[in-house]
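S.K.: Have a look at this one before I ask anything.
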Amino acid sequence: MGSRPCPDPAPRQRWRTTLSSDTLQQFVLPITSRTPIYSSRDSLFSLRLWFSFVMSSPEIASLSWGQMKVKGCSATYKDCKVWPGGSRTWDWRETGTNHSPGVQPADLEEVVQKGVKTVVIGRGMSEALQVPASTVEYLKKNGIDVVVLQTEKAVAEYNALAARGVKVGGVFHSTC
C-alpha cells in the first residue's frame, strides 16, 4: 500500500565521537534527550558524546502543474509527502481523500510520526483541496505548528523553513 519512500536512508544513524573541551566549543551538535554525556578521566578533560544524527527536511526542487521534484530523489510526484530525510507519493486512495472534505488526519500520520515540528499543507494551484478544522486540530493536539497555503506559496514556505533547519514536513497537491 503506497510507494517506497525516497531517499530516507537509515532514518536514524548512531554516531560516536570524542571531543576535547576546546574542540567542543567550535561545534554545535544535535543532541537528543536520550543522549548520554560523559566527562573526564584523570586530569585530561575529554567528553564523549553519543547522539542521533537527525536528517534534514529535503528541498522541493521544482513544482509545476501535476509535477513535483524533491532534491535527492529521482521520482517525479503529482502529489507528495515530505519529511526530514525522505519523501514519497501522496496516494489519496490510501485514506479515501478527495478535494472535499479534503486532507484527513490519516493523510498526515506518517509525516507526524517522523517527529516534525511544523507541517505545511499545499491545497493545490487553485486551492481546490479542503483542509477541515479537525485536521488542523489533530496537528495542534500533537504540538505541531500547521501552515495551510496555495501550493506554490506552500512550497516556498516549506523550503524557507527547511533552509532554516526547522524539522518540517508537508503534503502537497500539485494540480487544482
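Each chain of the C-alpha cells is named A, B, ... in the order shown, its residues numbered from 1; ligands are numbered from 1 in display order.
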For Ser56 of chain A, list every protein, DNA or RNA residue within 8 Å, evaluated using only C-alpha atoms, and leave out those in the same chain fewer than 6 positions away; present the list as a list in words.

M.R.: Pro84, Gly85, Ala162, Gly165 and Lys167 of chain A

S.K.: If you count only C-alpha atoms, which residues fall within 9 Å of Val147 of chain A, apart from same-chain ones fewer than 2 positions away, as a list in words?

M.R.: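 Here the answer would be Thr118, Val119, Val120, Ile121, Gly122, Asp145, Leu149, Ala154, Glu157 and Tyr158 of chain A.
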
S.K.: Would you put the residues from that selection into a file with C-alpha atoms, as a compact mmCIF listing (two decimals), in the first residue's frame?

M.R.:
# COMPACT_ATOMS: atom_id res chain seq x y z
CA THR A 118 5.77 22.05 11.57
CA VAL A 119 3.53 20.67 8.81
CA VAL A 120 2.91 22.63 5.62
CA ILE A 121 -0.17 21.71 3.58
CA GLY A 122 -0.39 22.72 -0.09
CA ASP A 145 2.51 24.06 14.00
CA LEU A 149 -1.48 27.69 1.74
CA ALA A 154 3.23 26.38 0.50
CA GLU A 157 7.23 28.44 2.86
CA TYR A 158 8.26 24.78 3.29

S.K.: Could you jot down the atom CA of Arg93 of chain A to atom CA of Glu152 of chain A separation for me, Å, one decimal place?

M.R.: 23.4 Å

S.K.: My list of candidates is A:Cys73, A:Val131, A:Ala156, A:Met68. Which is closest to Gln104 of chain A when distances are computed with only C-alpha atoms?

M.R.: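 Nearest candidate to Gln104 of chain A out of A:Cys73, A:Val131, A:Ala156, A:Met68: A:Val131.
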
S.K.: What is the distance between atom CA of Lys140 of chain A and atom CA of Val103 of chain A, in Å to one decimal?

M.R.: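 Going from atom CA of Lys140 of chain A over to atom CA of Val103 of chain A covers 14.8 Å.
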
S.K.: Excluding Gln67 of chain A and its own-chain neighbours fewer than 3 positions away, which residues fall within 6 Å of it when counting only C-alpha atoms? Please give them as JSON, numbers by chain.

M.R.: {"A": [63, 64, 77, 78]}

S.K.: Would you list the contacts of Met125 of chain A as JSON, numbers by chain, taking every protein, DNA or RNA residue within 7 Å and counting only C-alpha atoms, but skipping same-chain residues closer than 3 positions in sequence?

M.R.: {"A": [150, 151, 152, 174, 175, 176]}

S.K.: Now that the selection is made, can you save its residues with all heavy atoms as a CSV table (one decimal), in the first residue's frame?

M.R.:
chain,number,residue,atom,x,y,z
A,150,GLN,N,-1.9,28.0,-0.6
A,150,GLN,CA,-2.0,27.6,-2.0
A,150,GLN,C,-0.6,26.9,-2.3
A,150,GLN,O,0.4,27.3,-1.7
A,150,GLN,CB,-2.2,28.8,-2.9
A,150,GLN,CG,-2.3,28.6,-4.4
A,150,GLN,CD,-0.9,28.7,-5.1
A,150,GLN,OE1,0.1,29.0,-4.5
A,150,GLN,NE2,-1.0,28.4,-6.3
A,151,THR,N,-0.5,25.9,-3.1
A,151,THR,CA,0.6,25.0,-3.2
A,151,THR,C,1.9,25.8,-3.6
A,151,THR,O,3.0,25.5,-3.0
A,151,THR,CB,0.4,23.9,-4.2
A,151,THR,OG1,-0.6,23.0,-3.6
A,151,THR,CG2,1.6,23.0,-4.4
A,152,GLU,N,1.9,26.7,-4.5
A,152,GLU,CA,3.2,27.4,-4.8
A,152,GLU,C,3.7,28.2,-3.6
A,152,GLU,O,4.9,28.2,-3.3
A,152,GLU,CB,2.9,28.4,-6.0
A,152,GLU,CG,2.7,27.7,-7.3
A,152,GLU,CD,2.1,28.6,-8.4
A,152,GLU,OE1,1.2,29.3,-8.1
A,152,GLU,OE2,2.7,28.5,-9.5
A,174,SER,N,-0.4,19.1,-6.4
A,174,SER,CA,0.2,19.9,-7.4
A,174,SER,C,-0.8,20.3,-8.6
A,174,SER,O,-0.3,20.9,-9.6
A,174,SER,CB,1.4,19.2,-8.0
A,174,SER,OG,1.1,18.1,-8.7
A,175,THR,N,-2.0,19.9,-8.5
A,175,THR,CA,-2.9,20.3,-9.6
A,175,THR,C,-4.0,21.2,-9.0
A,175,THR,O,-3.6,22.1,-8.1
A,175,THR,CB,-3.6,19.1,-10.3
A,175,THR,OG1,-4.3,18.3,-9.3
A,175,THR,CG2,-2.5,18.2,-11.0
A,176,CYS,N,-5.2,21.1,-9.4
A,176,CYS,CA,-6.3,22.0,-9.0
A,176,CYS,C,-6.3,22.3,-7.5
A,176,CYS,O,-6.7,23.3,-7.0
A,176,CYS,CB,-7.6,21.5,-9.4
A,176,CYS,SG,-7.9,19.8,-8.9

S.K.: Return the single residue from A:Pro101, A:Cys6, A:Asn142, A:Gly124 that is closest to Ala75 of chain A, with distances computed using only C-alpha atoms.

M.R.: A:Cys6
